[in-house]
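Q: What follows is my_file-v3.txt; its format and atoms are compact mmCIF, C-alpha atoms.
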```txt
# COMPACT_ATOMS: atom_id res chain seq x y z
CA MET A 336 111.03 126.16 86.96
CA ALA A 337 110.87 122.75 88.62
CA LYS A 338 111.65 123.04 92.28
CA ALA A 339 115.21 121.98 92.96
CA VAL A 340 115.58 118.79 94.95
CA ASP A 341 118.22 118.65 97.65
CA LEU A 342 119.70 115.28 96.81
CA ASN A 343 121.62 115.19 100.08
CA THR A 344 118.43 115.18 102.15
CA THR A 345 116.31 112.67 100.29
CA HIS A 346 116.76 110.18 103.16
CA GLN A 347 115.00 110.81 106.42
CA GLY A 348 117.38 110.54 109.41
CA ILE A 349 121.13 110.94 109.17
CA SER A 350 121.97 108.34 111.87
CA LYS A 351 120.54 105.15 113.36
CA ARG A 352 121.32 102.83 116.25
CA LEU A 353 122.21 99.15 115.93
CA GLU A 354 118.86 98.16 117.45
CA ASP A 355 117.08 100.00 114.59
CA PHE A 356 118.27 97.28 112.20
CA GLU A 357 117.31 93.66 111.76
CA LEU A 358 120.22 91.39 112.69
CA PHE A 359 120.14 88.34 110.44
CA GLY A 360 122.32 85.30 111.25
CA PRO A 361 124.22 84.83 107.94
CA ASN A 362 125.13 88.53 107.99
CA LEU A 363 126.78 88.32 111.42
CA LEU A 364 130.16 87.07 112.70
CA ALA A 365 129.98 84.44 115.44
CA ASP A 366 131.06 85.59 118.94
CA VAL A 367 132.19 88.99 117.61
CA PRO A 368 130.59 92.25 118.79
CA PHE A 369 129.02 94.32 116.01
CA GLU A 370 131.51 97.19 115.58
CA PHE A 371 131.79 97.55 111.79
CA GLY A 372 129.07 97.09 109.20
CA PHE A 373 126.60 98.64 106.78
CA SER A 374 123.13 98.29 105.29
CA PHE A 375 121.97 98.36 101.68
CA SER A 376 119.42 100.88 100.39
CA GLY A 377 115.87 99.64 100.83
CA ASN A 378 117.01 96.85 103.18
CA ASN A 379 116.88 97.15 106.96
CA ARG A 380 119.29 94.28 107.58
CA ALA A 381 122.71 95.13 109.02
CA ILE A 382 125.72 93.38 107.50
CA GLN A 383 128.71 92.93 109.81
CA LYS A 384 132.40 93.18 108.89
CA SER A 385 135.39 92.04 110.90
CA ASP A 386 137.45 95.24 110.80
CA ILE A 387 137.73 98.68 109.22
CA GLU A 388 139.69 97.45 106.20
CA ALA A 389 137.12 94.79 105.33
CA LEU A 390 134.42 97.43 105.75
CA LYS A 391 136.17 99.90 103.40
CA GLN A 392 136.64 97.21 100.76
CA SER A 393 132.93 96.39 100.85
CA LEU A 394 132.01 100.07 100.72
CA VAL A 395 134.19 100.66 97.65
CA GLU A 396 132.74 97.62 95.89
CA ASN A 397 129.12 98.54 96.71
CA TYR A 398 129.36 102.33 97.05
CA ASN A 399 126.23 103.01 94.99
CA LEU A 400 124.10 100.54 97.00
CA ILE A 401 125.04 101.50 100.58
CA GLU A 402 122.63 103.44 102.81
CA TYR A 403 123.98 103.41 106.40
CA VAL A 404 127.43 102.52 107.72
CA LYS A 405 128.91 101.83 111.20
CA GLU A 406 132.65 102.58 111.40
CA GLY A 407 133.66 101.81 114.96
CA PRO A 408 132.73 100.31 118.34
CA ASN A 409 131.47 103.57 119.80
CA CYS A 410 129.69 104.83 116.68
CA ASP A 411 126.11 104.74 115.51
CA PHE A 412 125.19 103.96 111.91
CA VAL A 413 125.46 107.16 109.84
CA LEU A 414 124.05 107.91 106.41
CA PHE A 415 126.66 106.99 103.83
CA GLY A 416 128.01 109.94 101.86
CA THR A 417 127.81 112.50 104.65
CA THR A 418 131.50 112.58 105.68
CA ASP A 419 134.76 113.41 103.88
CA ALA A 420 135.96 109.81 104.33
CA HIS A 421 132.83 108.60 102.57
CA LYS A 422 133.46 110.98 99.68
CA GLU A 423 136.88 109.43 99.07
CA ILE A 424 135.36 105.93 99.16
CA ILE A 425 132.69 107.04 96.69
CA ARG A 426 135.38 108.42 94.37
CA GLN A 427 137.34 105.15 94.51
CA GLY A 428 134.20 103.14 93.81
CA TYR A 429 133.20 105.49 91.01
CA ASP A 430 136.64 105.24 89.39
CA ASN A 431 136.52 101.43 89.50
CA THR A 432 132.99 101.41 88.06
CA ASP A 433 133.98 103.94 85.40
CA LYS A 434 136.86 101.72 84.23
CA GLU A 435 134.55 98.71 84.01
CA LYS A 436 131.92 100.77 82.22
CA LEU A 437 134.49 101.95 79.67
CA LYS A 438 135.52 98.34 79.00
CA SER A 439 131.84 97.39 78.69
CA LYS A 440 131.23 100.14 76.12
CA LYS A 441 134.19 98.96 74.05
CA ARG A 442 132.92 95.37 74.18
CA THR A 443 129.46 96.60 73.13
CA ILE A 444 130.92 98.34 70.08
CA LEU A 445 132.90 95.23 69.12
CA ILE A 446 130.16 92.62 69.67
CA VAL A 447 127.07 94.59 68.64
CA GLY A 448 128.98 96.21 65.76
CA SER A 449 129.96 92.79 64.44
CA ILE A 450 126.32 91.67 64.63
CA GLY A 451 125.24 94.83 62.80
CA VAL A 452 127.79 94.33 60.02
CA LEU A 453 126.70 90.70 59.55
CA PHE A 454 123.09 91.86 59.58
CA ILE A 455 123.72 94.35 56.74
CA ILE A 456 125.80 91.87 54.74
CA MET A 457 123.06 89.24 54.93
CA ILE A 458 120.43 91.70 53.71
CA LEU A 459 122.58 93.02 50.87
CA ALA A 460 123.83 89.58 49.79
CA ASN A 461 120.51 87.74 49.96
CA GLY A 462 118.24 90.56 48.91
CA ASN A 463 116.02 89.98 51.95
CA ASP A 464 113.03 92.19 52.46
CA PHE A 465 114.04 95.03 54.80
CA GLU A 466 110.47 95.55 56.00
CA GLY A 467 110.10 94.84 59.70
CA THR A 468 113.85 94.75 60.34
CA PHE A 469 114.64 98.45 60.62
CA LEU A 470 113.64 98.63 64.29
CA LEU A 471 116.17 95.87 65.05
CA PHE A 472 118.81 97.73 63.05
CA PHE A 473 117.81 100.94 64.85
CA GLN A 474 118.32 99.32 68.25
CA ILE A 475 121.70 97.88 67.24
CA SER A 476 122.96 101.19 65.89
CA THR A 477 121.60 103.11 68.91
CA LEU A 478 123.60 100.90 71.28
CA ILE A 479 126.74 101.48 69.23
CA ILE A 480 126.21 105.25 68.96
CA SER A 481 125.49 105.61 72.69
CA SER A 482 128.69 103.70 73.49
CA VAL A 483 130.72 105.83 71.05
CA ILE A 484 129.35 109.02 72.62
CA TYR A 485 130.31 107.80 76.10
CA ILE A 486 133.87 106.96 75.00
CA ILE A 487 134.33 110.28 73.14
CA LEU A 488 133.16 112.36 76.12
CA HIS A 489 135.18 110.21 78.54
CA ASN A 490 138.40 110.68 76.54
CA ARG A 491 137.64 114.38 76.12
CA ASP A 492 137.40 114.81 79.90
CA LEU A 493 140.66 112.90 80.40
CA LYS A 494 142.54 115.08 77.91
CA LYS A 495 141.26 118.25 79.56
CA ASP A 496 141.90 116.74 83.01
CA LYS A 497 138.33 117.59 83.86
CA GLN A 498 137.22 116.27 87.24
CA THR A 499 133.85 114.56 87.29
CA ASP A 500 131.53 115.72 90.04
CA VAL A 501 131.42 112.21 91.50
CA LEU A 502 129.44 113.15 94.60
CA ALA A 503 126.72 114.88 92.54
CA ASN A 504 126.45 111.82 90.29
CA TYR A 505 126.29 109.58 93.36
CA HIS A 506 123.46 111.55 94.99
CA LEU A 507 121.64 111.77 91.66
CA GLY A 508 121.83 107.99 91.27
CA LYS A 509 120.63 107.49 94.86
CA TYR A 510 117.75 109.89 94.23
CA LEU A 511 116.72 107.98 91.12
CA THR A 512 116.90 104.63 92.90
CA THR A 513 114.96 105.89 95.90
CA ASN A 514 112.24 107.45 93.74
CA LEU A 515 112.05 104.78 91.02
CA PHE A 516 108.60 103.65 92.14
CA ARG A 517 107.08 107.02 92.95
CA PRO A 518 103.49 107.37 91.62
CA GLU A 519 104.18 109.80 88.76
CA VAL A 520 106.45 107.22 87.05
CA PHE A 521 103.35 105.16 86.31
CA VAL A 522 101.11 107.96 84.98
CA LEU A 523 101.98 107.52 81.28
CA PRO A 524 101.76 103.68 81.40
CA LEU A 525 98.43 104.04 83.23
CA LEU A 526 97.10 106.36 80.51
CA LEU A 527 98.08 103.77 77.88
CA LEU A 528 96.28 101.07 79.88
CA ILE A 529 93.15 103.23 80.26
CA GLY A 530 93.17 103.87 76.51
CA TYR A 531 93.31 100.14 75.80
CA LEU A 532 90.54 99.39 78.33
CA CYS A 533 88.36 101.99 76.56
CA GLN A 534 89.07 100.17 73.28
CA TYR A 535 87.98 96.89 74.86
CA ILE A 536 84.85 98.25 76.58
CA THR A 537 83.62 100.04 73.45
CA SER A 538 84.56 97.15 71.10
CA PHE A 539 86.72 99.57 69.16
CA ASN A 540 87.63 98.21 65.71
CA ILE A 541 91.10 99.44 64.73
CA ALA A 542 90.85 98.26 61.12
CA GLU A 543 87.52 100.01 60.54
CA TRP A 544 88.73 103.18 62.26
CA ALA A 545 91.90 103.25 60.13
CA LEU A 546 89.85 102.87 56.94
CA GLN A 547 87.59 105.76 57.90
CA CYS A 548 90.64 107.98 58.39
CA SER A 549 91.19 108.64 54.72
CA TYR A 550 93.80 111.18 53.71
CA GLY A 551 92.97 114.77 54.58
CA ASN A 552 89.60 114.24 56.25
CA GLU A 553 88.67 115.67 59.64
CA LEU A 554 88.70 112.31 61.44
CA GLN A 555 92.28 111.64 60.40
CA LEU A 556 93.40 115.06 61.59
CA ARG A 557 91.69 114.64 64.96
CA SER A 558 93.00 111.10 65.33
CA THR A 559 96.64 112.20 65.13
CA PHE A 560 96.24 113.54 68.69
CA THR A 561 94.77 110.31 70.11
CA ALA A 562 96.38 107.61 67.95
CA SER A 563 99.31 107.23 70.37
CA PHE A 564 96.95 105.81 73.00
CA VAL A 565 95.59 103.14 70.64
CA GLN A 566 97.27 99.72 70.94
CA SER A 567 96.88 96.80 68.55
CA ASN A 568 97.00 93.96 71.12
CA GLU A 569 97.78 93.03 74.73
CA ILE A 570 101.40 92.01 74.08
CA ASN A 571 102.14 95.32 72.37
CA LEU A 572 100.45 97.12 75.30
CA ILE A 573 102.55 95.32 77.94
CA ILE A 574 105.85 95.97 76.15
CA THR A 575 104.94 99.63 75.58
CA MET A 576 103.96 100.10 79.24
CA LEU A 577 107.24 98.58 80.46
CA VAL A 578 109.31 100.82 78.17
CA ALA A 579 107.25 103.89 79.13
CA THR A 580 107.79 103.14 82.84
CA LEU A 581 111.55 102.83 82.45
CA ILE A 582 111.88 106.01 80.39
CA SER A 583 109.57 107.93 82.76
CA ALA A 584 111.77 106.96 85.73
CA TYR A 585 114.81 108.53 84.06
CA ILE A 586 113.15 111.63 82.61
CA LEU A 587 111.26 112.54 85.79
CA LYS A 588 114.57 113.14 87.58
CA ILE A 589 115.14 116.19 85.36
CA ILE A 590 111.63 117.48 84.49
CA LYS A 591 108.13 117.55 85.96
CA LEU A 592 105.37 115.16 84.95
CA GLN A 593 103.48 117.74 82.88
CA TYR A 594 106.55 118.31 80.69
CA LEU A 595 106.95 114.56 80.17
CA LEU A 596 103.35 114.34 78.93
CA ILE A 597 103.83 117.43 76.74
CA VAL A 598 106.94 115.93 75.10
CA PHE A 599 105.16 112.59 74.57
CA ILE A 600 102.03 114.10 73.02
CA ILE A 601 103.75 116.72 70.84
CA SER A 602 106.39 114.26 69.55
CA ALA A 603 103.78 111.58 68.84
CA THR A 604 101.39 114.03 67.15
CA ILE A 605 104.07 115.48 64.88
CA GLY A 606 105.30 111.98 64.02
CA ASN A 607 101.75 110.86 63.22
CA LEU A 608 101.12 113.97 61.11
CA ALA A 609 104.35 113.34 59.18
CA TYR A 610 103.29 109.74 58.54
CA ASN A 611 99.86 110.88 57.35
CA PHE A 612 101.28 113.46 54.95
CA LEU A 613 103.46 110.77 53.40
CA GLY A 614 100.53 108.48 52.58
CA THR A 615 96.82 107.85 52.92
CA ASP A 616 96.41 105.73 56.05
CA LEU A 617 96.84 106.42 59.76
CA MET A 618 99.73 105.65 62.10
CA PHE A 619 98.82 104.51 65.62
CA GLY A 620 100.64 103.25 68.72
CA ALA A 621 102.87 104.85 71.37
CA VAL A 622 106.22 104.16 69.67
CA ALA A 623 106.45 107.63 68.11
CA GLY A 624 105.83 109.30 71.48
CA ILE A 625 108.42 107.07 73.16
CA ALA A 626 110.92 107.95 70.42
CA GLY A 627 110.31 111.61 71.33
CA LEU A 628 110.99 110.89 75.01
CA LEU A 629 114.24 109.18 74.03
CA GLY A 630 115.22 112.27 72.05
CA TYR A 631 114.52 114.44 75.09
CA LEU A 632 116.48 112.08 77.33
CA PHE A 633 119.56 112.22 75.09
CA LEU A 634 119.70 116.02 74.81
CA GLY A 635 117.56 117.43 77.63
CA GLN A 636 119.70 116.55 80.63
CA LEU A 637 120.42 119.81 82.40
CA ARG A 638 123.79 118.70 83.76
CA PHE A 639 125.26 118.60 80.24
CA GLU A 640 127.35 121.63 79.31
CA LYS A 641 126.81 123.36 75.96
CA LYS A 642 129.84 121.76 74.25
CA ARG A 643 128.69 118.30 75.33
CA LYS A 644 125.23 118.97 73.95
CA PHE A 645 126.79 120.18 70.70
CA ILE A 646 128.94 117.04 70.36
CA ILE A 647 126.01 114.75 71.15
CA SER A 648 123.75 116.65 68.73
CA ILE A 649 126.25 116.36 65.87
CA ILE A 650 126.66 112.62 66.42
CA TRP A 651 122.90 112.01 66.47
CA ILE A 652 122.41 114.19 63.37
CA ILE A 653 124.96 112.06 61.50
CA ALA A 654 123.24 108.91 62.78
CA SER A 655 119.83 110.19 61.66
CA ILE A 656 121.15 110.97 58.17
CA PHE A 657 122.60 107.45 58.04
CA TRP A 658 119.29 105.91 59.13
CA LEU A 659 117.37 107.96 56.58
CA ALA A 660 119.80 106.93 53.84
CA ILE A 661 119.24 103.27 54.75
CA LEU A 662 115.46 103.75 54.63
CA LEU A 663 115.65 105.50 51.26
CA TYR A 664 117.88 102.77 49.84
CA PHE A 665 115.44 100.03 50.87
CA GLU A 666 112.41 102.19 50.02
CA GLN A 667 111.08 101.87 53.57
CA TRP A 668 111.39 105.56 54.43
CA ARG A 669 107.66 106.11 54.86
CA GLU A 670 107.18 103.23 57.32
CA TYR A 671 109.85 104.40 59.75
CA SER A 672 110.79 108.03 59.07
CA GLN A 673 108.15 109.27 61.53
CA TYR A 674 110.19 107.74 64.37
CA LEU A 675 113.18 109.86 63.38
CA ILE A 676 110.95 112.93 63.18
CA SER A 677 109.49 112.20 66.63
CA PHE A 678 112.98 111.57 68.04
CA TRP A 679 114.24 114.95 66.85
CA CYS A 680 111.05 116.67 67.96
CA GLY A 681 111.74 115.39 71.48
CA ALA A 682 115.41 116.38 71.19
CA ILE A 683 114.47 119.94 70.20
CA LEU A 684 112.06 120.12 73.12
CA GLY A 685 114.95 118.88 75.27
CA LEU A 686 116.86 122.00 74.30
CA ILE A 687 113.90 124.41 74.55
CA ILE A 688 112.20 123.34 77.81
CA PRO A 689 115.30 123.84 80.03
CA ILE A 690 115.75 127.34 78.55
CA ILE A 691 112.08 128.16 79.25
CA ASN A 692 112.42 126.86 82.82
CA ILE A 693 115.56 128.93 83.41
CA LYS A 694 113.85 132.08 82.07
CA ARG A 695 110.79 131.43 84.25
CA PHE A 696 113.01 130.88 87.28
CA GLU A 697 114.94 134.11 86.62
CA LEU A 698 111.68 136.04 86.16
CA SER A 699 110.24 134.59 89.37
CA LYS A 700 113.44 135.40 91.26
CA SER A 701 113.41 138.95 89.88
CA LYS A 702 109.81 139.44 91.07
CA ASP A 703 110.70 138.09 94.52
CA ASP A 704 113.67 140.49 94.74
CA ASP A 705 111.44 143.42 93.74
CA THR A 706 108.88 142.40 96.36
CA ASN A 707 111.54 142.22 99.08
```
Rewrite the coordinates I just gave you, this time as structure tokens.
A:
Amino acid sequence: MAKAVDLNTTHQGISKRLEDFELFGPNLLADVPFEFGFSFSGNNRAIQKSDIEALKQSLVENYNLIEYVKEGPNCDFVLFGTTDAHKEIIRQGYDNTDKEKLKSKKRTILIVGSIGVLFIIMILANGNDFEGTFLLFFQISTLIISSVIYIILHNRDLKKDKQTDVLANYHLGKYLTTNLFRPEVFVLPLLLLIGYLCQYITSFNIAEWALQCSYGNELQLRSTFTASFVQSNEINLIITMLVATLISAYILKIIKLQYLLIVFIISATIGNLAYNFLGTDLMFGAVAGIAGLLGYLFLGQLRFEKKRKFIISIIWIIASIFWLAILLYFEQWREYSQYLISFWCGAILGLIIPIINIKRFELSKSKDDDTN
């Protein structure tokens, strides 16, 4: 079981003095003593406010970006989120953000949905070749589905009058922001870069390698484990590394690095094997592995309750059937179906790994109790 992180203690030092901050002219009020103010996360500059009301308004508007706050003439700066008054400010800020996010999701459905409908109409009316366009359609539909899921769960919570654990979400967001650039986030992108450098140093010929991997031979079977680290060109490598970094930053807040690599490799390998069984050539590139990480990210978040996971799973199953139907209709199922397989492989691992971790934790705790 991954060691639990105390999100309330991720910052070192719960209070600071005014002299600990950099006082920058534009952030200060002329001829007014510094009695009220705050600092942003990752920024040591203190921002002054004229009174307590102006301070509270700024805190509500920027609640997820604040690190330290000074709330009176005889007070030091204290870590934001450590008092009951801060908790109420965080809830107000969260409610305002939640309303804006809900509006944004509805706009996404309207705008992106309209683009998707026009996209389908153009293909059906003009008989355009669907090859190469499924990934665009996949991205459009994923945005819509994600927005629909958010609205459904949001309305479900409202009907049940379920209170969101705002403070837990706040600390989780702060933890992610604080640890966005920790070293393990860059392990997977670095492995992809090393793989490409090995290609360059050894003058690796992708076309020749793919031809040698004829259906069913030993080289093709072995290559399904390494094909995810083979990139076709520098542009593809850069884009893949950026996406892998972003996804790693999110996933590493819920699982350890070794599990991230396991999900990536297993999802990619199964996707590559599926592609190979459907034809005679070899699939390569990190997209299948990244699709698996996305599947894990959608269903593997431990803070989701069972009913939420069930609702999300049903929606993504319906979406996958829809995608597969589109691919079958345009006879492009072989070119893209491995991404769906990798996605659901990662999603299944997202359901299994938390269970394994919980069992391991319970077993470890039982052994510790027996020892004591």
Q: When distances are computed from only C-alpha atoms, which of A:Lys494, A:Lys591, A:His489, A:Arg380 shows the smallest separation from A:Lys438?
A: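 Of A:Lys494, A:Lys591, A:His489, A:Arg380, the one nearest A:Lys438, counting only C-alpha atoms, is A:His489.
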Q: Quick one, how far is atom CA of A:Glu406 from atom CA of A:Arg352?
A: 12.3 Å
Q: Can you tell me how far atom CA of A:Ile589 sits from atom CA of A:Phe633, in Å to one decimal?
A: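 About the pair atom CA of A:Ile589 and atom CA of A:Phe633: they are 11.9 Å apart.
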Q: Using all atoms listed in the file, find all polymer residues with an atom at most 7 Å away from the point (112.5, 110.8, 78.7); report them as a list in words.
A: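 Residues close enough to count: Ile582, Ser583, Tyr585, Ile586, Leu595, Leu628, Leu629, Tyr631 and Leu632 of chain A.
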Q: Measure the distance from atom CA of A:Val447 to atom CA of A:Ser476 in Å and round it to one decimal.
A: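 Between atom CA of A:Val447 and atom CA of A:Ser476 the gap works out to 8.2 Å.
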Q: Where does stretch 405-496 of chain A meet stretch 385-390 of chain A within 12 Å, residue by residue, with the nearest atom pair and distance in Å to one decimal for each, counting all atoms listed in the file, listed by chain and rising number, as CSV?
A:
```
residue,atom,partner,partner_atom,distance
A:Lys405,CA,A:Leu390,CA,8.9
A:Glu406,CA,A:Ile387,CA,6.8
A:Gly407,CA,A:Ile387,CA,7.7
A:Pro408,CA,A:Asp386,CA,10.2
A:His421,CA,A:Leu390,CA,11.7
A:Ile424,CA,A:Leu390,CA,10.8
```
Q: Mind writing the picked residues with C-alpha atoms as an mmCIF file, in the frame of the given file?
A:
```cif
data_model
loop_
_atom_site.group_PDB
_atom_site.id
_atom_site.type_symbol
_atom_site.label_atom_id
_atom_site.label_comp_id
_atom_site.auth_asym_id
_atom_site.auth_seq_id
_atom_site.Cartn_x
_atom_site.Cartn_y
_atom_site.Cartn_z
ATOM 1 C CA LYS A 405 128.910 101.830 111.200
ATOM 2 C CA GLU A 406 132.650 102.580 111.400
ATOM 3 C CA GLY A 407 133.660 101.810 114.960
ATOM 4 C CA PRO A 408 132.730 100.310 118.340
ATOM 5 C CA HIS A 421 132.830 108.600 102.570
ATOM 6 C CA ILE A 424 135.360 105.930 99.160
#
```
Q: Can you pull out the residues contacting A:Ile600? Cut-off 12 Å, using only C-alpha atoms, and skip same-chain residues under 3 positions away; I want them as a short mmCIF file (atom, residue, chain, number, x, y, z; two decimals) with C-alpha atoms, in the frame of the given file.
A:
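part-v4.cif, freshly written:
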```
data_model
loop_
_atom_site.label_atom_id
_atom_site.label_comp_id
_atom_site.auth_asym_id
_atom_site.auth_seq_id
_atom_site.Cartn_x
_atom_site.Cartn_y
_atom_site.Cartn_z
CA LEU A 523 101.98 107.52 81.28
CA LEU A 526 97.10 106.36 80.51
CA THR A 559 96.64 112.20 65.13
CA PHE A 560 96.24 113.54 68.69
CA THR A 561 94.77 110.31 70.11
CA ALA A 562 96.38 107.61 67.95
CA SER A 563 99.31 107.23 70.37
CA PHE A 564 96.95 105.81 73.00
CA GLN A 593 103.48 117.74 82.88
CA TYR A 594 106.55 118.31 80.69
CA LEU A 595 106.95 114.56 80.17
CA LEU A 596 103.35 114.34 78.93
CA ILE A 597 103.83 117.43 76.74
CA ALA A 603 103.78 111.58 68.84
CA THR A 604 101.39 114.03 67.15
CA ILE A 605 104.07 115.48 64.88
CA GLY A 606 105.30 111.98 64.02
CA ASN A 607 101.75 110.86 63.22
CA LEU A 608 101.12 113.97 61.11
CA GLY A 620 100.64 103.25 68.72
CA ALA A 621 102.87 104.85 71.37
CA VAL A 622 106.22 104.16 69.67
CA ALA A 623 106.45 107.63 68.11
CA GLY A 624 105.83 109.30 71.48
CA ILE A 625 108.42 107.07 73.16
CA ALA A 626 110.92 107.95 70.42
CA GLY A 627 110.31 111.61 71.33
CA LEU A 628 110.99 110.89 75.01
CA SER A 677 109.49 112.20 66.63
CA CYS A 680 111.05 116.67 67.96
CA GLY A 681 111.74 115.39 71.48
CA LEU A 684 112.06 120.12 73.12
#
```
Q: For A:Pro518, work out the shell of residues within 12 Å, counting only C-alpha atoms and skipping chain neighbours fewer than 5 positions away, then give it as a short mmCIF file (atom, residue, chain, number, x, y, z; two decimals) with C-alpha atoms, in the frame of the given file.
A:
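To be explicit, this is the file written out as around21.cif:
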```
data_model
loop_
_atom_site.label_atom_id
_atom_site.label_comp_id
_atom_site.auth_asym_id
_atom_site.auth_seq_id
_atom_site.Cartn_x
_atom_site.Cartn_y
_atom_site.Cartn_z
CA LEU A 523 101.98 107.52 81.28
CA PRO A 524 101.76 103.68 81.40
CA LEU A 525 98.43 104.04 83.23
CA THR A 580 107.79 103.14 82.84
CA SER A 583 109.57 107.93 82.76
CA ALA A 584 111.77 106.96 85.73
CA LEU A 587 111.26 112.54 85.79
CA LEU A 592 105.37 115.16 84.95
#
```
Q: Quick one: residues within 8 Å of A:Leu572, all atoms listed in the file counted, chain neighbours fewer than 4 positions away excluded, as a list in words?
A: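 Skipping anything fewer than 4 positions along the chain leaves Leu527, Leu528, Tyr531, Gln566, Ser567, Asn568 and Met576 of chain A.
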Q: Name the closest residue to A:Asp433 among the candidates A:Trp651, A:Phe612, A:Tyr485, A:Phe356; distances are taken between atoms, counting all atoms listed in the file.
A: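 Looking at the shortest contact to A:Asp433, the residue is A:Tyr485.
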Q: For A:Val395, which residue among A:Val413, A:Ile444, A:Ile425, A:Val367 is the nearest when counting all atoms listed in the file?
A: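 Of A:Val413, A:Ile444, A:Ile425, A:Val367, the one nearest A:Val395 is A:Ile425, counting all atoms listed in the file.
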Q: With all atoms listed in the file as the basis for distance, which of A:Ile479, A:Gln427, A:Leu686, A:Phe412 is at the shortest distance from A:Arg442?
A: A:Ile479
Q: Counting all atoms listed in the file, which of A:Ile683, A:Ala420, A:Leu663, A:Ile484 gets nearest to A:Lys441?
A: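 Using all atoms listed in the file, the shortest distance to A:Lys441 belongs to A:Ile484.
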